[in-house]
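Input: a single structure, listed below in structure tokens.
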Amino acid sequence: MKKDLTNILAIIVLLVGCSKKNTPGENDTTSGGAPREEATAAVNASTVQQTIQGFGGASIPIWIGDLTSDQRTKAFSTSSGIGMSILRVMVPDNSSQFAAEKATIDAAKGLGARVVATAWNAPASMMSNLYLKTTSYADYAAHLRSYNTAVGGVYAISPWNEPNYLASGWMHGTATEIANFVAQQGSNCGAPIIAPEPFNMDQTFINTYLGNTTAASKTSFVCGHIYGKTPYNLGSIGKSVWMTEHYTNSSISGNDWNNAMTAAKEIHDCMNAGWAAYVWWYIRRSYGPIDESSNITKLGYVMTHFARYIRPGYSKISCTANPTSGVYTTAYKSGNQIVIVAINTNSAITYQPFTVSAVTVNNFNRYVTTSSSNLAASSFAVSNNSFGINLPASSITTLVSY
């Protein structure tokens, strides 16, 4: 769904030794004495959950203009940018517009991102009253296949965007109709199928779609959008789940810190629900991760805490999701490397203990973003797989073991 309405404060993030709390008042910028000590966040690397597919955003050049070269680098670079690993693009209904997508697709792929393409509409000749004609299934598959060839190949194609959002002006479809199309033509669309992409991540819609076993067998990933829906676990559906579009508030700047923290918690919730991917709406927009002046926004820095350090193929592992009120943690691994993301929504510094099991950790690089700093970097040593850190008030912290 689209509703496009168009530093220096100190950060005190002192490592506090293994399982020890600071001396009262030590390195505390609040007036209330020592930071609050909370329950331990336990990370267990032996309990492997979903495989992460990535984090990203959308670029729709025929609607708002293409990303510039600088914006592409800021979006997808893992060294100087956000490190997005997913680009979502549109399959135009007119083949003369296919070429508009290619420059950004090539740049994103060159920087290691996966590209997923969604069709909002089939060509008008193939539709009747915003529904795909059953007699046009083969022609529509050929249209999608032609797009995939024209842009040099995408990671996956979604034949419908929010087909259950009947207030929209784009192509509608019931779960049964979409499943019938994929069952008949899913192998002929030029790329793996990601579907059915419903509004509200509607599980009834998804389950009905997957009830067509032929369509399910031709579907690589399940996808949907969470407008109006809190992330939730879809259960054992046998498919990786991608959240492929959302934004929090199009009337609030991407530099609004409270809104950026809302997005941080939303990404946490999606990962904790067992989902494999999180894709924001427009990459470049006043309320997005990059603003119209090509600056990475606070929202963009929040996304960096996930996207740059948790790459496709990493595994989410067991971690206490909410060790105390206002603190939210998730953990990931790649081989013996551990990545922990901790979000502190409290208005005061919070001391958070951690334990790590099933893999040895000796050191962490730490990156912290607050309302007044971006990715402030430091490092610390760990003893006996146990440590504690002060999480600054209203902050997001990423820890990467080395």
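Each chain in the structure tokens gets a letter, A, B, ..., in the order shown, and its residues are numbered from 1; ligands are numbered from 1 in order too.
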
Please tabulate, as a tab-separated table, the residues of stretch 214-244 of chain A that come within 12 Å of stretch 81-89 of chain A, each with its closest pair of atoms and the distance in Å to one decimal, counting only C-alpha atoms and ordering rows by chain, then residue number upward.
residue	atom	partner	partner_atom	distance
A:Trp242	CA	A:Ile86	CA	10.7
A:Met243	CA	A:Ile86	CA	11.2
A:Thr244	CA	A:Arg88	CA	7.8

Would you save the residues of that selection, restricted to all heavy atoms, as a PDB file, in the first residue's frame?
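Output (out_34.pdb):
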ATOM      1  N   TRP A 242       9.148 -13.869   3.721  1.00  0.00           N
ATOM      2  CA  TRP A 242       9.726 -12.550   3.480  1.00  0.00           C
ATOM      3  C   TRP A 242       8.675 -11.469   3.719  1.00  0.00           C
ATOM      4  O   TRP A 242       7.548 -11.577   3.212  1.00  0.00           O
ATOM      5  CB  TRP A 242      10.193 -12.415   2.037  1.00  0.00           C
ATOM      6  CG  TRP A 242      11.323 -13.286   1.602  1.00  0.00           C
ATOM      7  CD1 TRP A 242      11.550 -14.596   1.922  1.00  0.00           C
ATOM      8  CD2 TRP A 242      12.387 -12.914   0.711  1.00  0.00           C
ATOM      9  NE1 TRP A 242      12.669 -15.064   1.300  1.00  0.00           N
ATOM     10  CE2 TRP A 242      13.211 -14.046   0.546  1.00  0.00           C
ATOM     11  CE3 TRP A 242      12.712 -11.731   0.052  1.00  0.00           C
ATOM     12  CZ2 TRP A 242      14.343 -14.032  -0.263  1.00  0.00           C
ATOM     13  CZ3 TRP A 242      13.838 -11.713  -0.758  1.00  0.00           C
ATOM     14  CH2 TRP A 242      14.647 -12.844  -0.907  1.00  0.00           C
ATOM     15  N   MET A 243       9.029 -10.430   4.480  1.00  0.00           N
ATOM     16  CA  MET A 243       8.180  -9.253   4.598  1.00  0.00           C
ATOM     17  C   MET A 243       8.690  -8.273   3.554  1.00  0.00           C
ATOM     18  O   MET A 243       9.755  -7.704   3.685  1.00  0.00           O
ATOM     19  CB  MET A 243       8.258  -8.659   6.003  1.00  0.00           C
ATOM     20  CG  MET A 243       7.058  -7.775   6.373  1.00  0.00           C
ATOM     21  SD  MET A 243       6.835  -6.290   5.357  1.00  0.00           S
ATOM     22  CE  MET A 243       8.268  -5.313   5.862  1.00  0.00           C
ATOM     23  N   THR A 244       7.925  -8.072   2.475  1.00  0.00           N
ATOM     24  CA  THR A 244       8.450  -7.395   1.301  1.00  0.00           C
ATOM     25  C   THR A 244       8.011  -5.939   1.126  1.00  0.00           C
ATOM     26  O   THR A 244       8.417  -5.302   0.148  1.00  0.00           O
ATOM     27  CB  THR A 244       8.098  -8.187   0.027  1.00  0.00           C
ATOM     28  OG1 THR A 244       6.705  -8.539   0.057  1.00  0.00           O
ATOM     29  CG2 THR A 244       8.936  -9.448  -0.087  1.00  0.00           C
TER      30      THR A 244
END

### Query
Which one is closest to A:Ser379: A:Thr398, A:Ser187, A:Thr149, A:Gln71? Count only C-alpha atoms.
A:Thr398

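Nearest to A:Trp120 of all the residues A:Ala156, A:Val91, A:Leu299, A:Ala107 is A:Val91, counting only C-alpha atoms.
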
### Task
Going by DSSP on the backbone, which bits of stretch 107-246 of chain A are strand (DSSP E or B)? Write them as a ChimeraX atom specification, please.
/A:114-119,127-128,131-132,156-158,172,193-196,219-225,240-245

### Query
Which neighbours of stretch 178-180 of chain A fall inside 9 Å, counting only C-alpha atoms, when residues of the same chain fewer than 2 positions from it are skipped, and could you give them as number ranges by chain?
A: 159-160, 163, 173-176, 182-185, 195-196, 208-216

Write a file of the selected residues as a PDB file, in the first residue's frame, keeping N, CA and C atoms.
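Saved to selection_25.pdb:
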ATOM      1  N   PRO A 159       4.169 -12.354  -8.943  1.00  0.00           N
ATOM      2  CA  PRO A 159       3.225 -11.994 -10.007  1.00  0.00           C
ATOM      3  C   PRO A 159       2.146 -11.002  -9.589  1.00  0.00           C
ATOM      4  N   TRP A 160       1.904 -10.828  -8.278  1.00  0.00           N
ATOM      5  CA  TRP A 160       0.872  -9.914  -7.787  1.00  0.00           C
ATOM      6  C   TRP A 160       1.401  -9.097  -6.615  1.00  0.00           C
ATOM      7  N   PRO A 163      -2.780  -8.553  -3.742  1.00  0.00           N
ATOM      8  CA  PRO A 163      -3.967  -8.896  -4.539  1.00  0.00           C
ATOM      9  C   PRO A 163      -5.267  -8.848  -3.746  1.00  0.00           C
ATOM     10  N   GLY A 173      -6.805 -10.367  -7.088  1.00  0.00           N
ATOM     11  CA  GLY A 173      -6.807 -11.805  -7.304  1.00  0.00           C
ATOM     12  C   GLY A 173      -7.089 -12.524  -6.002  1.00  0.00           C
ATOM     13  N   THR A 174      -7.866 -13.580  -6.074  1.00  0.00           N
ATOM     14  CA  THR A 174      -8.075 -14.405  -4.894  1.00  0.00           C
ATOM     15  C   THR A 174      -6.882 -15.330  -4.728  1.00  0.00           C
ATOM     16  N   ALA A 175      -6.746 -15.880  -3.540  1.00  0.00           N
ATOM     17  CA  ALA A 175      -5.650 -16.821  -3.298  1.00  0.00           C
ATOM     18  C   ALA A 175      -5.741 -18.008  -4.246  1.00  0.00           C
ATOM     19  N   THR A 176      -6.943 -18.433  -4.510  1.00  0.00           N
ATOM     20  CA  THR A 176      -7.145 -19.570  -5.419  1.00  0.00           C
ATOM     21  C   THR A 176      -6.724 -19.217  -6.836  1.00  0.00           C
ATOM     22  N   VAL A 182       0.059 -19.801 -10.742  1.00  0.00           N
ATOM     23  CA  VAL A 182       1.399 -20.312 -10.440  1.00  0.00           C
ATOM     24  C   VAL A 182       1.485 -21.807 -10.737  1.00  0.00           C
ATOM     25  N   ALA A 183       0.415 -22.539 -10.436  1.00  0.00           N
ATOM     26  CA  ALA A 183       0.414 -23.974 -10.728  1.00  0.00           C
ATOM     27  C   ALA A 183       0.583 -24.224 -12.223  1.00  0.00           C
ATOM     28  N   GLN A 184      -0.082 -23.403 -13.031  1.00  0.00           N
ATOM     29  CA  GLN A 184      -0.019 -23.592 -14.476  1.00  0.00           C
ATOM     30  C   GLN A 184       1.240 -23.001 -15.106  1.00  0.00           C
ATOM     31  N   GLN A 185       1.666 -21.823 -14.628  1.00  0.00           N
ATOM     32  CA  GLN A 185       2.692 -21.058 -15.347  1.00  0.00           C
ATOM     33  C   GLN A 185       3.889 -20.664 -14.487  1.00  0.00           C
ATOM     34  N   ALA A 195       5.582 -15.482  -3.563  1.00  0.00           N
ATOM     35  CA  ALA A 195       4.154 -15.189  -3.599  1.00  0.00           C
ATOM     36  C   ALA A 195       3.524 -15.623  -2.263  1.00  0.00           C
ATOM     37  N   PRO A 196       2.260 -15.229  -1.993  1.00  0.00           N
ATOM     38  CA  PRO A 196       1.331 -14.452  -2.816  1.00  0.00           C
ATOM     39  C   PRO A 196       1.304 -12.959  -2.510  1.00  0.00           C
ATOM     40  N   THR A 208      -4.499 -20.627   2.048  1.00  0.00           N
ATOM     41  CA  THR A 208      -5.320 -21.061   0.913  1.00  0.00           C
ATOM     42  C   THR A 208      -4.457 -21.223  -0.324  1.00  0.00           C
ATOM     43  N   TYR A 209      -3.578 -20.252  -0.551  1.00  0.00           N
ATOM     44  CA  TYR A 209      -2.657 -20.324  -1.684  1.00  0.00           C
ATOM     45  C   TYR A 209      -1.791 -21.579  -1.608  1.00  0.00           C
ATOM     46  N   LEU A 210      -1.200 -21.834  -0.458  1.00  0.00           N
ATOM     47  CA  LEU A 210      -0.317 -22.995  -0.301  1.00  0.00           C
ATOM     48  C   LEU A 210      -1.078 -24.306  -0.314  1.00  0.00           C
ATOM     49  N   GLY A 211      -2.396 -24.219  -0.151  1.00  0.00           N
ATOM     50  CA  GLY A 211      -3.213 -25.428  -0.230  1.00  0.00           C
ATOM     51  C   GLY A 211      -3.222 -26.047  -1.608  1.00  0.00           C
ATOM     52  N   ASN A 212      -2.858 -25.267  -2.613  1.00  0.00           N
ATOM     53  CA  ASN A 212      -2.670 -25.806  -3.956  1.00  0.00           C
ATOM     54  C   ASN A 212      -1.252 -26.371  -3.994  1.00  0.00           C
ATOM     55  N   THR A 213      -1.126 -27.654  -3.887  1.00  0.00           N
ATOM     56  CA  THR A 213       0.196 -28.271  -3.722  1.00  0.00           C
ATOM     57  C   THR A 213       1.105 -28.058  -4.920  1.00  0.00           C
ATOM     58  N   THR A 214       0.525 -27.951  -6.105  1.00  0.00           N
ATOM     59  CA  THR A 214       1.351 -27.686  -7.287  1.00  0.00           C
ATOM     60  C   THR A 214       1.909 -26.271  -7.238  1.00  0.00           C
ATOM     61  N   ALA A 215       1.065 -25.307  -6.877  1.00  0.00           N
ATOM     62  CA  ALA A 215       1.535 -23.931  -6.736  1.00  0.00           C
ATOM     63  C   ALA A 215       2.594 -23.840  -5.644  1.00  0.00           C
ATOM     64  N   ALA A 216       2.348 -24.531  -4.525  1.00  0.00           N
ATOM     65  CA  ALA A 216       3.314 -24.502  -3.422  1.00  0.00           C
ATOM     66  C   ALA A 216       4.667 -25.044  -3.860  1.00  0.00           C
TER      67      ALA A 216
END

### Task
Would you list, as a count of residues only, the residues of stretch 37-222 of chain A that end up in alpha helix (DSSP H) under DSSP run on this structure's backbone?
59

### Task
Rank A:Phe76, A:Tyr402, A:Tyr301, A:Tyr351 by their smallest atom-to-atom distance to A:Val339, using only C-alpha atoms, and report the top residue only.
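Of the candidates, the smallest distance to A:Val339 is held by A:Tyr402.
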
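Proximity of A:Thr118, A:Thr320, A:Ser253, A:Ser236 to A:Pro198, computed with only C-alpha atoms, is greatest for A:Thr118.
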
### Task
Calculate how many Å separate atom CA of A:Gly228 from atom CA of A:Thr51, rounding to one decimal.
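We find that atom CA of A:Gly228 and atom CA of A:Thr51 lie 25.6 Å from each other.
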